[in-house]
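A quick write-up on the structure given underneath.
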Amino acid sequence: MKKTLIAHSPDADDIFMYYAIKFGWVDMGGVKFENIAEDIQTLNEKALNGVYEIVAISFALYPHIREDYAPLRTAVSFGNGYGPKVIKKKGAKLKRNFKVALSGEHTTNAMLFRIAYPDARVTYMNFLEIEDAVLEGKVDAGVLIHESILTYNSELEVEREMWDIWQELAGKELPLPLGGMAISRSIPLNKAIEYEETLTKAVHVAREHKHKLSEMLLERNLVRIDAPTLDKYLELYANDDSITLSDIQYSAINKLFEIGYKHGFYDSPIKVEDFMIPAEYKSLRNS
């Protein structure tokens, strides 16, 4: 039986979207899935080096790995009226060149932040360390991601919502593309289609059985938050719109790539549709 490793982040939405497989509710014939959880920038860096066959990435990274990976249509996280937050100590006034902690060079929030605040002095650190870095005065501000947008210390306040930055740069209201999955182009096409179908089913089953799956994650201490926060968080980032990409989500990803190219982050303009797994290959092959 072939072993296939899926690398995802340790935040609750990624765990939720994968664990229908881990708990045996969804499987794929002839394949034994294993998983590893690493912070998002580590995953981005390993994708750049082609380490994992199936890996969670920041959408902003994708143009850099387009030759080696195809984006998957499933297990996607978007903000819709919400997203990462630029936070600071309450009452603090930020100078033009304030020092800020970001969760990684290739994250979506980092690219958007750097465009919006070109004079800020950026330092990168693990997303779990950012809140304390602000509280301890190591940095003037930080961009919170994942569950910390709901649980940050009461001594902190929001300077600016990443959602607002995104809307200004996009020029129209589109969902904010944060993260998704990518699959190595070294995998045979028919097998890649099967992987995508299996992962899509896993997210669909997770959503169908959200209450039971959430209970199991909490009982096993697989998430860092309590039940009410988990419920709220999953409705933000592992919701029904996470099952498969919609037309408006495609438009949002393409707008992100357009913005990144315009500001010199990418070497050429691309459309995400041009790099997807051609799912129609399966039906053509069978016919």
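Labels used: A, B, ... for chains in the order of the structure tokens, numbers from 1 for residues in each chain, and numbers from 1 for ligands as shown.
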
Write out as a short mmCIF file (atom, residue, chain, number, x, y, z; two decimals) with N, CA and C atoms, in the first residue's frame which residues come within 10 Å of A:Gly50 when counting only C-alpha atoms, dropping same-chain ones fewer than 2 positions away.
```cif
data_model
loop_
_atom_site.label_atom_id
_atom_site.label_comp_id
_atom_site.auth_asym_id
_atom_site.auth_seq_id
_atom_site.Cartn_x
_atom_site.Cartn_y
_atom_site.Cartn_z
N ASN A 44 5.37 26.75 3.35
CA ASN A 44 5.69 27.51 2.13
C ASN A 44 7.12 27.25 1.67
N GLU A 45 8.05 27.28 2.62
CA GLU A 45 9.46 27.07 2.27
C GLU A 45 9.70 25.66 1.74
N LYS A 46 9.03 24.69 2.35
CA LYS A 46 9.21 23.31 1.88
C LYS A 46 8.56 23.09 0.52
N ALA A 47 7.48 23.83 0.25
CA ALA A 47 6.90 23.77 -1.09
C ALA A 47 7.87 24.36 -2.12
N LEU A 48 8.55 25.42 -1.74
CA LEU A 48 9.54 26.02 -2.64
C LEU A 48 10.65 25.02 -2.98
N TYR A 52 7.26 18.16 -0.07
CA TYR A 52 6.06 17.35 0.12
C TYR A 52 5.28 17.22 -1.19
N GLU A 53 4.62 16.06 -1.35
CA GLU A 53 3.79 15.85 -2.54
C GLU A 53 2.47 16.61 -2.46
N ILE A 54 1.87 16.65 -1.26
CA ILE A 54 0.63 17.38 -1.06
C ILE A 54 0.82 18.28 0.15
N VAL A 55 0.64 19.59 -0.03
CA VAL A 55 1.05 20.53 1.02
C VAL A 55 0.12 21.73 1.06
N ILE A 65 5.73 28.61 -7.24
CA ILE A 65 5.87 27.15 -7.33
C ILE A 65 5.03 26.55 -8.47
N ASP A 68 6.06 23.44 -10.46
CA ASP A 68 6.24 22.18 -9.74
C ASP A 68 4.98 21.65 -9.07
N TYR A 69 4.00 22.53 -8.84
CA TYR A 69 2.78 22.13 -8.13
C TYR A 69 1.54 22.66 -8.87
N ILE A 183 -0.52 20.24 -5.05
CA ILE A 183 -0.10 18.85 -5.27
C ILE A 183 1.03 18.82 -6.29
N SER A 184 2.00 17.99 -6.04
CA SER A 184 3.18 17.93 -6.90
C SER A 184 2.83 17.44 -8.30
N SER A 186 4.76 15.87 -10.06
CA SER A 186 5.43 14.58 -10.27
C SER A 186 4.47 13.41 -10.13
#
```

Next item on the list: Write out as a VMD selection string each polymer residue whose atoms come within 6 Å of stretch 243-248 of chain A, counting only C-alpha atoms; drop sequence neighbours fewer than 4 positions from it.
Entry: chain A and resid 73 to 75 200 203 to 204

Next item on the list: Going by DSSP on the backbone, which bits of stretch 53-145 of chain A are helix (DSSP H, G or I)? Write them as a list in words, please.
Entry: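 Everything in stretch 53-145 of chain A that counts as helix (DSSP H, G or I) is Phe59, Ala60, Leu61, Tyr62, Pro63, His64, Ile65, Thr108, Asn109, Ala110, Met111, Leu112, Phe113, Arg114, Ile115, Ala116, Phe127, Leu128, Glu129, Ile130, Glu131, Asp132, Ala133, Val134 and Leu135 of chain A.
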
Dump as a PDB file, in the first residue's frame, selection limited to N, CA and C atoms:
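File result_39.pdb, as written:
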```pdb
ATOM      1  N   PHE A  59      -1.820  31.291  -0.484  1.00  0.00           N
ATOM      2  CA  PHE A  59      -2.099  31.567  -1.895  1.00  0.00           C
ATOM      3  C   PHE A  59      -1.047  32.484  -2.511  1.00  0.00           C
ATOM      4  N   ALA A  60      -0.522  33.411  -1.720  1.00  0.00           N
ATOM      5  CA  ALA A  60       0.472  34.343  -2.264  1.00  0.00           C
ATOM      6  C   ALA A  60       1.751  33.641  -2.708  1.00  0.00           C
ATOM      7  N   LEU A  61       2.013  32.453  -2.186  1.00  0.00           N
ATOM      8  CA  LEU A  61       3.205  31.709  -2.595  1.00  0.00           C
ATOM      9  C   LEU A  61       3.044  31.106  -3.987  1.00  0.00           C
ATOM     10  N   TYR A  62       1.830  30.770  -4.383  1.00  0.00           N
ATOM     11  CA  TYR A  62       1.653  29.865  -5.508  1.00  0.00           C
ATOM     12  C   TYR A  62       2.391  30.250  -6.790  1.00  0.00           C
ATOM     13  N   PRO A  63       2.381  31.511  -7.236  1.00  0.00           N
ATOM     14  CA  PRO A  63       3.099  31.813  -8.481  1.00  0.00           C
ATOM     15  C   PRO A  63       4.568  31.388  -8.466  1.00  0.00           C
ATOM     16  N   HIS A  64       5.167  31.289  -7.285  1.00  0.00           N
ATOM     17  CA  HIS A  64       6.575  30.896  -7.185  1.00  0.00           C
ATOM     18  C   HIS A  64       6.779  29.393  -7.375  1.00  0.00           C
ATOM     19  N   ILE A  65       5.730  28.608  -7.241  1.00  0.00           N
ATOM     20  CA  ILE A  65       5.870  27.145  -7.332  1.00  0.00           C
ATOM     21  C   ILE A  65       5.030  26.554  -8.468  1.00  0.00           C
ATOM     22  N   THR A 108       0.183  35.287   2.513  1.00  0.00           N
ATOM     23  CA  THR A 108      -0.652  36.290   1.851  1.00  0.00           C
ATOM     24  C   THR A 108      -0.675  37.584   2.644  1.00  0.00           C
ATOM     25  N   ASN A 109      -0.820  37.456   3.970  1.00  0.00           N
ATOM     26  CA  ASN A 109      -0.905  38.677   4.777  1.00  0.00           C
ATOM     27  C   ASN A 109       0.388  39.476   4.710  1.00  0.00           C
ATOM     28  N   ALA A 110       1.534  38.803   4.598  1.00  0.00           N
ATOM     29  CA  ALA A 110       2.805  39.517   4.520  1.00  0.00           C
ATOM     30  C   ALA A 110       2.902  40.322   3.234  1.00  0.00           C
ATOM     31  N   MET A 111       2.497  39.734   2.119  1.00  0.00           N
ATOM     32  CA  MET A 111       2.563  40.464   0.852  1.00  0.00           C
ATOM     33  C   MET A 111       1.661  41.692   0.882  1.00  0.00           C
ATOM     34  N   LEU A 112       0.437  41.517   1.338  1.00  0.00           N
ATOM     35  CA  LEU A 112      -0.498  42.642   1.377  1.00  0.00           C
ATOM     36  C   LEU A 112      -0.018  43.718   2.353  1.00  0.00           C
ATOM     37  N   PHE A 113       0.512  43.277   3.500  1.00  0.00           N
ATOM     38  CA  PHE A 113       1.010  44.245   4.485  1.00  0.00           C
ATOM     39  C   PHE A 113       2.159  45.058   3.906  1.00  0.00           C
ATOM     40  N   ARG A 114       3.101  44.398   3.271  1.00  0.00           N
ATOM     41  CA  ARG A 114       4.277  45.094   2.745  1.00  0.00           C
ATOM     42  C   ARG A 114       3.897  46.098   1.656  1.00  0.00           C
ATOM     43  N   ILE A 115       2.844  45.795   0.910  1.00  0.00           N
ATOM     44  CA  ILE A 115       2.364  46.748  -0.097  1.00  0.00           C
ATOM     45  C   ILE A 115       1.730  47.956   0.590  1.00  0.00           C
ATOM     46  N   ALA A 116       0.950  47.695   1.638  1.00  0.00           N
ATOM     47  CA  ALA A 116       0.238  48.779   2.329  1.00  0.00           C
ATOM     48  C   ALA A 116       1.152  49.618   3.206  1.00  0.00           C
ATOM     49  N   PHE A 127       3.987  32.244  13.871  1.00  0.00           N
ATOM     50  CA  PHE A 127       2.736  32.959  14.171  1.00  0.00           C
ATOM     51  C   PHE A 127       2.334  32.859  15.638  1.00  0.00           C
ATOM     52  N   LEU A 128       2.769  31.798  16.327  1.00  0.00           N
ATOM     53  CA  LEU A 128       2.418  31.621  17.731  1.00  0.00           C
ATOM     54  C   LEU A 128       3.171  32.597  18.645  1.00  0.00           C
ATOM     55  N   GLU A 129       4.231  33.218  18.138  1.00  0.00           N
ATOM     56  CA  GLU A 129       5.069  34.104  18.946  1.00  0.00           C
ATOM     57  C   GLU A 129       4.718  35.576  18.782  1.00  0.00           C
ATOM     58  N   ILE A 130       3.874  35.898  17.813  1.00  0.00           N
ATOM     59  CA  ILE A 130       3.660  37.304  17.455  1.00  0.00           C
ATOM     60  C   ILE A 130       2.957  38.086  18.550  1.00  0.00           C
ATOM     61  N   GLU A 131       1.917  37.526  19.134  1.00  0.00           N
ATOM     62  CA  GLU A 131       1.166  38.250  20.170  1.00  0.00           C
ATOM     63  C   GLU A 131       2.068  38.618  21.343  1.00  0.00           C
ATOM     64  N   ASP A 132       2.868  37.664  21.831  1.00  0.00           N
ATOM     65  CA  ASP A 132       3.768  37.941  22.955  1.00  0.00           C
ATOM     66  C   ASP A 132       4.831  38.957  22.571  1.00  0.00           C
ATOM     67  N   ALA A 133       5.290  38.914  21.328  1.00  0.00           N
ATOM     68  CA  ALA A 133       6.312  39.868  20.880  1.00  0.00           C
ATOM     69  C   ALA A 133       5.791  41.296  20.969  1.00  0.00           C
ATOM     70  N   VAL A 134       4.530  41.498  20.654  1.00  0.00           N
ATOM     71  CA  VAL A 134       3.925  42.835  20.759  1.00  0.00           C
ATOM     72  C   VAL A 134       3.754  43.203  22.238  1.00  0.00           C
ATOM     73  N   LEU A 135       3.229  42.292  23.025  1.00  0.00           N
ATOM     74  CA  LEU A 135       3.009  42.561  24.456  1.00  0.00           C
ATOM     75  C   LEU A 135       4.313  42.884  25.175  1.00  0.00           C
TER      76      LEU A 135
END
```

Margin query: At a cut-off of 6 Å, using only C-alpha atoms, what residues contact A:Asn35? Leave out same-chain residues fewer than 6 positions from it and give the result as number ranges by chain.
Written below: A: 5-7

Export, as a short mmCIF file (atom, residue, chain, number, x, y, z; two decimals), in the first residue's frame, the selected residues with N, CA, C and O atoms.
```
data_model
loop_
_atom_site.label_atom_id
_atom_site.label_comp_id
_atom_site.auth_asym_id
_atom_site.auth_seq_id
_atom_site.Cartn_x
_atom_site.Cartn_y
_atom_site.Cartn_z
N LEU A 5 1.96 11.35 2.28
CA LEU A 5 2.03 12.33 3.36
C LEU A 5 1.32 13.61 2.94
O LEU A 5 1.57 14.13 1.85
N ILE A 6 0.44 14.10 3.80
CA ILE A 6 -0.20 15.39 3.59
C ILE A 6 0.31 16.35 4.67
O ILE A 6 0.20 16.06 5.87
N ALA A 7 0.90 17.44 4.25
CA ALA A 7 1.45 18.43 5.18
C ALA A 7 0.49 19.61 5.28
O ALA A 7 0.10 20.19 4.26
#
```

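In terms of minimum interatomic distance to A:Ile165, A:Val86 ranks closest within A:Ala192, A:Val51, A:Val31, A:Val86, counting only C-alpha atoms.
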
Next item on the list: Within 12 Å of A:Gly171, counting only C-alpha atoms, which residues show up once you throw out same-chain ones fewer than 4 positions away? Write them as an MDAnalysis selection string, please.
Entry: chainID A and resid 164:167 252 255:256 258:259
